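Asks: Please read through the structure below; I'll follow up with questions.
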Amino acid sequence: MDNATYIFAWSLYFAGALFLSWLGWGLFKRFLIRELAYLLECWMLAFLLTPWYVIPDGDVLGPAWMIFILDAVTIDVQTGIRALIPVTAAMMLGLVVAIVLGVIYRIRKHRARLQ
């Protein structure tokens with residue numbers, strides 16, 4: 001795969017992930033409380049957009065969830081777990097972001113009620 005094809009593939013994947021995130025946000029904020037919607041949206045973005053190395057010593061990146069599934073199916077589950085570590089870290093960061101967004105939302109909501 002040459003560099004232009006690699007960048008094109010990532011661009012298509014990124015556009016698809018953002019579209020899926022936009023659809024998810026529309027559903028989450030409509031049917032769930034806002035704080036839970038923030039959490040699920042952050043986790044979905046972390047799950048979809050976390051990259052990881054396709055080959056352990058290589059320099060080509062792919063979506064970590066795909067690397068996990070393909071390694072678990074073709075090699076074994078222990079090999080696939082190497083791609084779950086960055087996804088877990090990204091989801092923990094998403095939890096922190098969701099908590100901060102929830103606090104900001106509550107503060108703004110409280111201030112709007114006082115005015």
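All residue names refer to the structure tokens as shown: chains lettered A, B, ... in order, residues numbered from 1 in each chain, ligands numbered from 1 in order.
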Can you pull out the residues contacting Ile99 (chain A)? Cut-off 12 Å, using only C-alpha atoms, and skip same-chain residues under 2 positions away; I want them as a ChimeraX atom specification.
Replies: /A:34-40,42,92-97,101-106
Asks: Write down as a PDB file with N, CA and C atoms, in the first residue's frame the residues of chain A whose backbone DSSP state falls under helix (DSSP H, G or I).
Replies:
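Okay, part-v3.pdb is ready:
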```
ATOM      1  N   ASN A   3       1.629   5.449   0.130  1.00  0.00           N
ATOM      2  CA  ASN A   3       1.274   6.470   1.117  1.00  0.00           C
ATOM      3  C   ASN A   3      -0.050   7.154   0.786  1.00  0.00           C
ATOM      4  N   ALA A   4      -0.311   7.443  -0.481  1.00  0.00           N
ATOM      5  CA  ALA A   4      -1.556   8.112  -0.861  1.00  0.00           C
ATOM      6  C   ALA A   4      -2.768   7.227  -0.571  1.00  0.00           C
ATOM      7  N   THR A   5      -2.656   5.941  -0.843  1.00  0.00           N
ATOM      8  CA  THR A   5      -3.757   5.017  -0.561  1.00  0.00           C
ATOM      9  C   THR A   5      -3.984   4.895   0.937  1.00  0.00           C
ATOM     10  N   TYR A   6      -2.910   4.853   1.696  1.00  0.00           N
ATOM     11  CA  TYR A   6      -3.000   4.767   3.157  1.00  0.00           C
ATOM     12  C   TYR A   6      -3.725   5.990   3.725  1.00  0.00           C
ATOM     13  N   ILE A   7      -3.352   7.160   3.277  1.00  0.00           N
ATOM     14  CA  ILE A   7      -3.997   8.394   3.747  1.00  0.00           C
ATOM     15  C   ILE A   7      -5.451   8.449   3.295  1.00  0.00           C
ATOM     16  N   PHE A   8      -5.742   8.017   2.081  1.00  0.00           N
ATOM     17  CA  PHE A   8      -7.113   7.990   1.584  1.00  0.00           C
ATOM     18  C   PHE A   8      -7.976   7.033   2.406  1.00  0.00           C
ATOM     19  N   ALA A   9      -7.437   5.869   2.740  1.00  0.00           N
ATOM     20  CA  ALA A   9      -8.192   4.893   3.532  1.00  0.00           C
ATOM     21  C   ALA A   9      -8.483   5.451   4.923  1.00  0.00           C
ATOM     22  N   TRP A  10      -7.494   6.075   5.546  1.00  0.00           N
ATOM     23  CA  TRP A  10      -7.728   6.666   6.860  1.00  0.00           C
ATOM     24  C   TRP A  10      -8.721   7.818   6.772  1.00  0.00           C
ATOM     25  N   SER A  11      -8.681   8.595   5.709  1.00  0.00           N
ATOM     26  CA  SER A  11      -9.620   9.706   5.542  1.00  0.00           C
ATOM     27  C   SER A  11     -11.049   9.193   5.420  1.00  0.00           C
ATOM     28  N   LEU A  12     -11.240   8.139   4.638  1.00  0.00           N
ATOM     29  CA  LEU A  12     -12.568   7.548   4.511  1.00  0.00           C
ATOM     30  C   LEU A  12     -13.043   6.981   5.850  1.00  0.00           C
ATOM     31  N   TYR A  13     -12.163   6.288   6.539  1.00  0.00           N
ATOM     32  CA  TYR A  13     -12.525   5.725   7.837  1.00  0.00           C
ATOM     33  C   TYR A  13     -12.880   6.839   8.819  1.00  0.00           C
ATOM     34  N   PHE A  14     -12.094   7.899   8.849  1.00  0.00           N
ATOM     35  CA  PHE A  14     -12.335   9.018   9.753  1.00  0.00           C
ATOM     36  C   PHE A  14     -13.669   9.685   9.447  1.00  0.00           C
ATOM     37  N   ALA A  15     -13.970   9.894   8.164  1.00  0.00           N
ATOM     38  CA  ALA A  15     -15.250  10.493   7.772  1.00  0.00           C
ATOM     39  C   ALA A  15     -16.419   9.597   8.190  1.00  0.00           C
ATOM     40  N   GLY A  16     -16.281   8.301   8.003  1.00  0.00           N
ATOM     41  CA  GLY A  16     -17.326   7.370   8.418  1.00  0.00           C
ATOM     42  C   GLY A  16     -17.512   7.354   9.922  1.00  0.00           C
ATOM     43  N   ALA A  17     -16.417   7.400  10.658  1.00  0.00           N
ATOM     44  CA  ALA A  17     -16.496   7.411  12.120  1.00  0.00           C
ATOM     45  C   ALA A  17     -17.144   8.700  12.618  1.00  0.00           C
ATOM     46  N   LEU A  18     -16.825   9.818  11.993  1.00  0.00           N
ATOM     47  CA  LEU A  18     -17.457  11.074  12.395  1.00  0.00           C
ATOM     48  C   LEU A  18     -18.951  11.074  12.071  1.00  0.00           C
ATOM     49  N   PHE A  19     -19.330  10.499  10.936  1.00  0.00           N
ATOM     50  CA  PHE A  19     -20.746  10.397  10.593  1.00  0.00           C
ATOM     51  C   PHE A  19     -21.476   9.504  11.591  1.00  0.00           C
ATOM     52  N   LEU A  20     -20.881   8.379  11.929  1.00  0.00           N
ATOM     53  CA  LEU A  20     -21.479   7.491  12.922  1.00  0.00           C
ATOM     54  C   LEU A  20     -21.574   8.178  14.281  1.00  0.00           C
ATOM     55  N   SER A  21     -20.575   8.973  14.633  1.00  0.00           N
ATOM     56  CA  SER A  21     -20.596   9.723  15.879  1.00  0.00           C
ATOM     57  C   SER A  21     -21.710  10.764  15.866  1.00  0.00           C
ATOM     58  N   TRP A  22     -21.899  11.428  14.752  1.00  0.00           N
ATOM     59  CA  TRP A  22     -22.967  12.422  14.620  1.00  0.00           C
ATOM     60  C   TRP A  22     -24.336  11.762  14.788  1.00  0.00           C
ATOM     61  N   LEU A  23     -24.532  10.618  14.156  1.00  0.00           N
ATOM     62  CA  LEU A  23     -25.790   9.878  14.315  1.00  0.00           C
ATOM     63  C   LEU A  23     -25.980   9.427  15.764  1.00  0.00           C
ATOM     64  N   GLY A  24     -24.927   8.911  16.360  1.00  0.00           N
ATOM     65  CA  GLY A  24     -24.992   8.461  17.742  1.00  0.00           C
ATOM     66  C   GLY A  24     -25.338   9.600  18.692  1.00  0.00           C
ATOM     67  N   TRP A  25     -24.720  10.758  18.493  1.00  0.00           N
ATOM     68  CA  TRP A  25     -24.998  11.891  19.368  1.00  0.00           C
ATOM     69  C   TRP A  25     -26.468  12.296  19.263  1.00  0.00           C
ATOM     70  N   GLY A  26     -27.019  12.287  18.057  1.00  0.00           N
ATOM     71  CA  GLY A  26     -28.425  12.618  17.887  1.00  0.00           C
ATOM     72  C   GLY A  26     -29.333  11.679  18.662  1.00  0.00           C
ATOM     73  N   LEU A  27     -29.009  10.402  18.649  1.00  0.00           N
ATOM     74  CA  LEU A  27     -29.803   9.426  19.398  1.00  0.00           C
ATOM     75  C   LEU A  27     -29.550   9.516  20.900  1.00  0.00           C
ATOM     76  N   PHE A  28     -28.293   9.639  21.279  1.00  0.00           N
ATOM     77  CA  PHE A  28     -27.952   9.656  22.701  1.00  0.00           C
ATOM     78  C   PHE A  28     -28.579  10.839  23.427  1.00  0.00           C
ATOM     79  N   LYS A  29     -28.470  12.035  22.849  1.00  0.00           N
ATOM     80  CA  LYS A  29     -28.968  13.208  23.562  1.00  0.00           C
ATOM     81  C   LYS A  29     -30.491  13.265  23.562  1.00  0.00           C
ATOM     82  N   ARG A  30     -31.120  12.568  22.624  1.00  0.00           N
ATOM     83  CA  ARG A  30     -32.582  12.563  22.574  1.00  0.00           C
ATOM     84  C   ARG A  30     -33.187  11.597  23.589  1.00  0.00           C
ATOM     85  N   PHE A  31     -32.574  10.437  23.756  1.00  0.00           N
ATOM     86  CA  PHE A  31     -33.190   9.387  24.561  1.00  0.00           C
ATOM     87  C   PHE A  31     -32.536   9.142  25.919  1.00  0.00           C
ATOM     88  N   ARG A  34     -28.259  13.798  29.678  1.00  0.00           N
ATOM     89  CA  ARG A  34     -27.131  14.422  28.983  1.00  0.00           C
ATOM     90  C   ARG A  34     -25.786  13.850  29.423  1.00  0.00           C
ATOM     91  N   GLU A  35     -25.601  13.600  30.717  1.00  0.00           N
ATOM     92  CA  GLU A  35     -24.310  13.096  31.206  1.00  0.00           C
ATOM     93  C   GLU A  35     -24.016  11.704  30.659  1.00  0.00           C
ATOM     94  N   LEU A  36     -25.015  10.855  30.585  1.00  0.00           N
ATOM     95  CA  LEU A  36     -24.826   9.527  30.011  1.00  0.00           C
ATOM     96  C   LEU A  36     -24.560   9.615  28.512  1.00  0.00           C
ATOM     97  N   ALA A  37     -25.211  10.569  27.853  1.00  0.00           N
ATOM     98  CA  ALA A  37     -24.963  10.781  26.421  1.00  0.00           C
ATOM     99  C   ALA A  37     -23.513  11.207  26.182  1.00  0.00           C
ATOM    100  N   TYR A  38     -22.995  12.090  27.043  1.00  0.00           N
ATOM    101  CA  TYR A  38     -21.594  12.492  26.925  1.00  0.00           C
ATOM    102  C   TYR A  38     -20.667  11.287  27.085  1.00  0.00           C
ATOM    103  N   LEU A  39     -20.945  10.457  28.075  1.00  0.00           N
ATOM    104  CA  LEU A  39     -20.100   9.290  28.331  1.00  0.00           C
ATOM    105  C   LEU A  39     -20.112   8.329  27.149  1.00  0.00           C
ATOM    106  N   LEU A  40     -21.282   7.992  26.661  1.00  0.00           N
ATOM    107  CA  LEU A  40     -21.359   7.052  25.542  1.00  0.00           C
ATOM    108  C   LEU A  40     -20.729   7.619  24.276  1.00  0.00           C
ATOM    109  N   GLU A  41     -20.894   8.908  24.048  1.00  0.00           N
ATOM    110  CA  GLU A  41     -20.291   9.529  22.865  1.00  0.00           C
ATOM    111  C   GLU A  41     -18.760   9.524  22.969  1.00  0.00           C
ATOM    112  N   CYS A  42     -18.231   9.854  24.139  1.00  0.00           N
ATOM    113  CA  CYS A  42     -16.773   9.828  24.325  1.00  0.00           C
ATOM    114  C   CYS A  42     -16.228   8.420  24.158  1.00  0.00           C
ATOM    115  N   TRP A  43     -16.949   7.431  24.708  1.00  0.00           N
ATOM    116  CA  TRP A  43     -16.499   6.045  24.558  1.00  0.00           C
ATOM    117  C   TRP A  43     -16.575   5.584  23.111  1.00  0.00           C
ATOM    118  N   MET A  44     -17.602   6.002  22.392  1.00  0.00           N
ATOM    119  CA  MET A  44     -17.709   5.609  20.989  1.00  0.00           C
ATOM    120  C   MET A  44     -16.574   6.222  20.171  1.00  0.00           C
ATOM    121  N   LEU A  45     -16.273   7.485  20.414  1.00  0.00           N
ATOM    122  CA  LEU A  45     -15.164   8.122  19.707  1.00  0.00           C
ATOM    123  C   LEU A  45     -13.830   7.461  20.060  1.00  0.00           C
ATOM    124  N   ALA A  46     -13.636   7.137  21.330  1.00  0.00           N
ATOM    125  CA  ALA A  46     -12.401   6.457  21.737  1.00  0.00           C
ATOM    126  C   ALA A  46     -12.299   5.098  21.062  1.00  0.00           C
ATOM    127  N   PHE A  47     -13.389   4.367  21.036  1.00  0.00           N
ATOM    128  CA  PHE A  47     -13.393   3.035  20.431  1.00  0.00           C
ATOM    129  C   PHE A  47     -13.122   3.106  18.930  1.00  0.00           C
ATOM    130  N   LEU A  48     -13.735   4.055  18.249  1.00  0.00           N
ATOM    131  CA  LEU A  48     -13.598   4.128  16.793  1.00  0.00           C
ATOM    132  C   LEU A  48     -12.290   4.760  16.333  1.00  0.00           C
ATOM    133  N   LEU A  49     -11.777   5.740  17.061  1.00  0.00           N
ATOM    134  CA  LEU A  49     -10.666   6.543  16.550  1.00  0.00           C
ATOM    135  C   LEU A  49      -9.300   6.236  17.152  1.00  0.00           C
ATOM    136  N   ALA A  64      -7.637   0.314  16.242  1.00  0.00           N
ATOM    137  CA  ALA A  64      -7.251  -0.676  17.259  1.00  0.00           C
ATOM    138  C   ALA A  64      -8.288  -1.781  17.397  1.00  0.00           C
ATOM    139  N   TRP A  65      -9.560  -1.455  17.270  1.00  0.00           N
ATOM    140  CA  TRP A  65     -10.573  -2.495  17.414  1.00  0.00           C
ATOM    141  C   TRP A  65     -10.485  -3.501  16.271  1.00  0.00           C
ATOM    142  N   MET A  66     -10.129  -3.045  15.072  1.00  0.00           N
ATOM    143  CA  MET A  66      -9.947  -3.978  13.955  1.00  0.00           C
ATOM    144  C   MET A  66      -8.712  -4.849  14.170  1.00  0.00           C
ATOM    145  N   ILE A  67      -7.646  -4.245  14.682  1.00  0.00           N
ATOM    146  CA  ILE A  67      -6.424  -5.002  14.954  1.00  0.00           C
ATOM    147  C   ILE A  67      -6.722  -6.094  15.970  1.00  0.00           C
ATOM    148  N   PHE A  68      -7.475  -5.753  17.025  1.00  0.00           N
ATOM    149  CA  PHE A  68      -7.829  -6.749  18.040  1.00  0.00           C
ATOM    150  C   PHE A  68      -8.617  -7.899  17.427  1.00  0.00           C
ATOM    151  N   ILE A  69      -9.657  -7.579  16.675  1.00  0.00           N
ATOM    152  CA  ILE A  69     -10.504  -8.635  16.100  1.00  0.00           C
ATOM    153  C   ILE A  69      -9.714  -9.512  15.141  1.00  0.00           C
ATOM    154  N   LEU A  70      -8.942  -8.900  14.260  1.00  0.00           N
ATOM    155  CA  LEU A  70      -8.188  -9.688  13.280  1.00  0.00           C
ATOM    156  C   LEU A  70      -7.103 -10.532  13.951  1.00  0.00           C
ATOM    157  N   ASP A  71      -6.407  -9.981  14.932  1.00  0.00           N
ATOM    158  CA  ASP A  71      -5.392 -10.767  15.644  1.00  0.00           C
ATOM    159  C   ASP A  71      -6.029 -11.887  16.460  1.00  0.00           C
ATOM    160  N   ALA A  72      -7.173 -11.612  17.077  1.00  0.00           N
ATOM    161  CA  ALA A  72      -7.838 -12.639  17.881  1.00  0.00           C
ATOM    162  C   ALA A  72      -8.349 -13.776  17.006  1.00  0.00           C
ATOM    163  N   VAL A  73      -8.815 -13.463  15.815  1.00  0.00           N
ATOM    164  CA  VAL A  73      -9.349 -14.496  14.931  1.00  0.00           C
ATOM    165  C   VAL A  73      -8.235 -15.257  14.225  1.00  0.00           C
ATOM    166  N   THR A  74      -7.233 -14.548  13.721  1.00  0.00           N
ATOM    167  CA  THR A  74      -6.210 -15.205  12.909  1.00  0.00           C
ATOM    168  C   THR A  74      -5.051 -15.790  13.722  1.00  0.00           C
ATOM    169  N   VAL A  77      -6.088 -14.871  21.003  1.00  0.00           N
ATOM    170  CA  VAL A  77      -6.650 -13.757  21.770  1.00  0.00           C
ATOM    171  C   VAL A  77      -5.552 -12.984  22.503  1.00  0.00           C
ATOM    172  N   GLN A  78      -4.534 -13.661  23.022  1.00  0.00           N
ATOM    173  CA  GLN A  78      -3.455 -12.981  23.739  1.00  0.00           C
ATOM    174  C   GLN A  78      -2.733 -11.990  22.829  1.00  0.00           C
ATOM    175  N   THR A  79      -2.575 -12.341  21.580  1.00  0.00           N
ATOM    176  CA  THR A  79      -1.935 -11.424  20.638  1.00  0.00           C
ATOM    177  C   THR A  79      -2.841 -10.233  20.362  1.00  0.00           C
ATOM    178  N   GLY A  80      -4.136 -10.472  20.296  1.00  0.00           N
ATOM    179  CA  GLY A  80      -5.082  -9.396  20.031  1.00  0.00           C
ATOM    180  C   GLY A  80      -5.213  -8.405  21.163  1.00  0.00           C
ATOM    181  N   ILE A  81      -4.936  -8.844  22.375  1.00  0.00           N
ATOM    182  CA  ILE A  81      -5.099  -7.972  23.538  1.00  0.00           C
ATOM    183  C   ILE A  81      -4.133  -6.786  23.486  1.00  0.00           C
ATOM    184  N   ARG A  82      -3.054  -6.899  22.768  1.00  0.00           N
ATOM    185  CA  ARG A  82      -2.109  -5.781  22.671  1.00  0.00           C
ATOM    186  C   ARG A  82      -2.771  -4.539  22.100  1.00  0.00           C
ATOM    187  N   ALA A  83      -3.805  -4.708  21.286  1.00  0.00           N
ATOM    188  CA  ALA A  83      -4.500  -3.562  20.709  1.00  0.00           C
ATOM    189  C   ALA A  83      -5.578  -3.017  21.637  1.00  0.00           C
ATOM    190  N   LEU A  84      -5.970  -3.769  22.651  1.00  0.00           N
ATOM    191  CA  LEU A  84      -6.993  -3.290  23.578  1.00  0.00           C
ATOM    192  C   LEU A  84      -6.437  -2.335  24.630  1.00  0.00           C
ATOM    193  N   ILE A  85      -5.143  -2.371  24.853  1.00  0.00           N
ATOM    194  CA  ILE A  85      -4.545  -1.503  25.871  1.00  0.00           C
ATOM    195  C   ILE A  85      -4.728  -0.026  25.512  1.00  0.00           C
ATOM    196  N   PRO A  86      -4.421   0.418  24.289  1.00  0.00           N
ATOM    197  CA  PRO A  86      -4.663   1.835  23.987  1.00  0.00           C
ATOM    198  C   PRO A  86      -6.142   2.193  23.934  1.00  0.00           C
ATOM    199  N   VAL A  87      -6.997   1.243  23.544  1.00  0.00           N
ATOM    200  CA  VAL A  87      -8.436   1.520  23.536  1.00  0.00           C
ATOM    201  C   VAL A  87      -8.924   1.741  24.960  1.00  0.00           C
ATOM    202  N   THR A  88      -8.460   0.933  25.892  1.00  0.00           N
ATOM    203  CA  THR A  88      -8.839   1.092  27.291  1.00  0.00           C
ATOM    204  C   THR A  88      -8.348   2.431  27.833  1.00  0.00           C
ATOM    205  N   ALA A  89      -7.129   2.808  27.503  1.00  0.00           N
ATOM    206  CA  ALA A  89      -6.601   4.101  27.949  1.00  0.00           C
ATOM    207  C   ALA A  89      -7.416   5.248  27.350  1.00  0.00           C
ATOM    208  N   ALA A  90      -7.781   5.143  26.087  1.00  0.00           N
ATOM    209  CA  ALA A  90      -8.582   6.186  25.452  1.00  0.00           C
ATOM    210  C   ALA A  90      -9.976   6.264  26.068  1.00  0.00           C
ATOM    211  N   MET A  91     -10.536   5.120  26.435  1.00  0.00           N
ATOM    212  CA  MET A  91     -11.855   5.127  27.072  1.00  0.00           C
ATOM    213  C   MET A  91     -11.788   5.733  28.478  1.00  0.00           C
ATOM    214  N   MET A  92     -10.689   5.524  29.177  1.00  0.00           N
ATOM    215  CA  MET A  92     -10.531   6.152  30.494  1.00  0.00           C
ATOM    216  C   MET A  92     -10.413   7.667  30.335  1.00  0.00           C
ATOM    217  N   LEU A  93      -9.689   8.115  29.306  1.00  0.00           N
ATOM    218  CA  LEU A  93      -9.618   9.538  29.015  1.00  0.00           C
ATOM    219  C   LEU A  93     -11.001  10.062  28.640  1.00  0.00           C
ATOM    220  N   GLY A  94     -11.770   9.273  27.889  1.00  0.00           N
ATOM    221  CA  GLY A  94     -13.133   9.651  27.540  1.00  0.00           C
ATOM    222  C   GLY A  94     -14.014   9.793  28.769  1.00  0.00           C
ATOM    223  N   LEU A  95     -13.801   8.954  29.768  1.00  0.00           N
ATOM    224  CA  LEU A  95     -14.547   9.062  31.020  1.00  0.00           C
ATOM    225  C   LEU A  95     -14.264  10.391  31.702  1.00  0.00           C
ATOM    226  N   VAL A  96     -12.992  10.780  31.732  1.00  0.00           N
ATOM    227  CA  VAL A  96     -12.612  12.061  32.339  1.00  0.00           C
ATOM    228  C   VAL A  96     -13.244  13.219  31.558  1.00  0.00           C
ATOM    229  N   VAL A  97     -13.186  13.160  30.235  1.00  0.00           N
ATOM    230  CA  VAL A  97     -13.785  14.216  29.404  1.00  0.00           C
ATOM    231  C   VAL A  97     -15.292  14.283  29.631  1.00  0.00           C
ATOM    232  N   ALA A  98     -15.948  13.127  29.713  1.00  0.00           N
ATOM    233  CA  ALA A  98     -17.395  13.104  29.936  1.00  0.00           C
ATOM    234  C   ALA A  98     -17.761  13.694  31.292  1.00  0.00           C
ATOM    235  N   ILE A  99     -16.960  13.425  32.311  1.00  0.00           N
ATOM    236  CA  ILE A  99     -17.222  13.998  33.635  1.00  0.00           C
ATOM    237  C   ILE A  99     -17.075  15.518  33.585  1.00  0.00           C
ATOM    238  N   VAL A 100     -16.027  16.000  32.939  1.00  0.00           N
ATOM    239  CA  VAL A 100     -15.822  17.447  32.821  1.00  0.00           C
ATOM    240  C   VAL A 100     -16.976  18.083  32.041  1.00  0.00           C
ATOM    241  N   LEU A 101     -17.383  17.475  30.921  1.00  0.00           N
ATOM    242  CA  LEU A 101     -18.498  18.007  30.141  1.00  0.00           C
ATOM    243  C   LEU A 101     -19.798  17.993  30.934  1.00  0.00           C
ATOM    244  N   GLY A 102     -20.002  16.951  31.723  1.00  0.00           N
ATOM    245  CA  GLY A 102     -21.193  16.879  32.565  1.00  0.00           C
ATOM    246  C   GLY A 102     -21.221  17.966  33.617  1.00  0.00           C
ATOM    247  N   VAL A 103     -20.087  18.238  34.239  1.00  0.00           N
ATOM    248  CA  VAL A 103     -20.002  19.301  35.235  1.00  0.00           C
ATOM    249  C   VAL A 103     -20.259  20.654  34.577  1.00  0.00           C
ATOM    250  N   ILE A 104     -19.658  20.897  33.431  1.00  0.00           N
ATOM    251  CA  ILE A 104     -19.879  22.160  32.713  1.00  0.00           C
ATOM    252  C   ILE A 104     -21.349  22.310  32.335  1.00  0.00           C
ATOM    253  N   TYR A 105     -21.961  21.229  31.881  1.00  0.00           N
ATOM    254  CA  TYR A 105     -23.377  21.270  31.518  1.00  0.00           C
ATOM    255  C   TYR A 105     -24.240  21.611  32.725  1.00  0.00           C
ATOM    256  N   ARG A 106     -23.958  20.990  33.864  1.00  0.00           N
ATOM    257  CA  ARG A 106     -24.742  21.266  35.076  1.00  0.00           C
ATOM    258  C   ARG A 106     -24.552  22.713  35.544  1.00  0.00           C
ATOM    259  N   ILE A 107     -23.329  23.228  35.473  1.00  0.00           N
ATOM    260  CA  ILE A 107     -23.074  24.614  35.877  1.00  0.00           C
ATOM    261  C   ILE A 107     -23.825  25.576  34.970  1.00  0.00           C
ATOM    262  N   ARG A 108     -23.768  25.357  33.666  1.00  0.00           N
ATOM    263  CA  ARG A 108     -24.491  26.231  32.727  1.00  0.00           C
ATOM    264  C   ARG A 108     -25.997  26.149  32.934  1.00  0.00           C
ATOM    265  N   LYS A 109     -26.489  24.963  33.183  1.00  0.00           N
ATOM    266  CA  LYS A 109     -27.908  24.780  33.417  1.00  0.00           C
ATOM    267  C   LYS A 109     -28.339  25.502  34.700  1.00  0.00           C
ATOM    268  N   HIS A 110     -27.523  25.420  35.733  1.00  0.00           N
ATOM    269  CA  HIS A 110     -27.809  26.095  36.997  1.00  0.00           C
ATOM    270  C   HIS A 110     -27.774  27.610  36.826  1.00  0.00           C
ATOM    271  N   ARG A 111     -26.796  28.122  36.108  1.00  0.00           N
ATOM    272  CA  ARG A 111     -26.690  29.572  35.880  1.00  0.00           C
ATOM    273  C   ARG A 111     -27.860  30.076  35.051  1.00  0.00           C
ATOM    274  N   ALA A 112     -28.292  29.295  34.059  1.00  0.00           N
ATOM    275  CA  ALA A 112     -29.419  29.712  33.238  1.00  0.00           C
ATOM    276  C   ALA A 112     -30.721  29.748  34.058  1.00  0.00           C
ATOM    277  N   ARG A 113     -30.839  28.874  35.016  1.00  0.00           N
ATOM    278  CA  ARG A 113     -32.021  28.857  35.888  1.00  0.00           C
ATOM    279  C   ARG A 113     -32.045  30.053  36.826  1.00  0.00           C
ATOM    280  N   LEU A 114     -30.875  30.514  37.232  1.00  0.00           N
ATOM    281  CA  LEU A 114     -30.801  31.647  38.151  1.00  0.00           C
ATOM    282  C   LEU A 114     -31.104  32.975  37.474  1.00  0.00           C
TER     283      LEU A 114
END
```
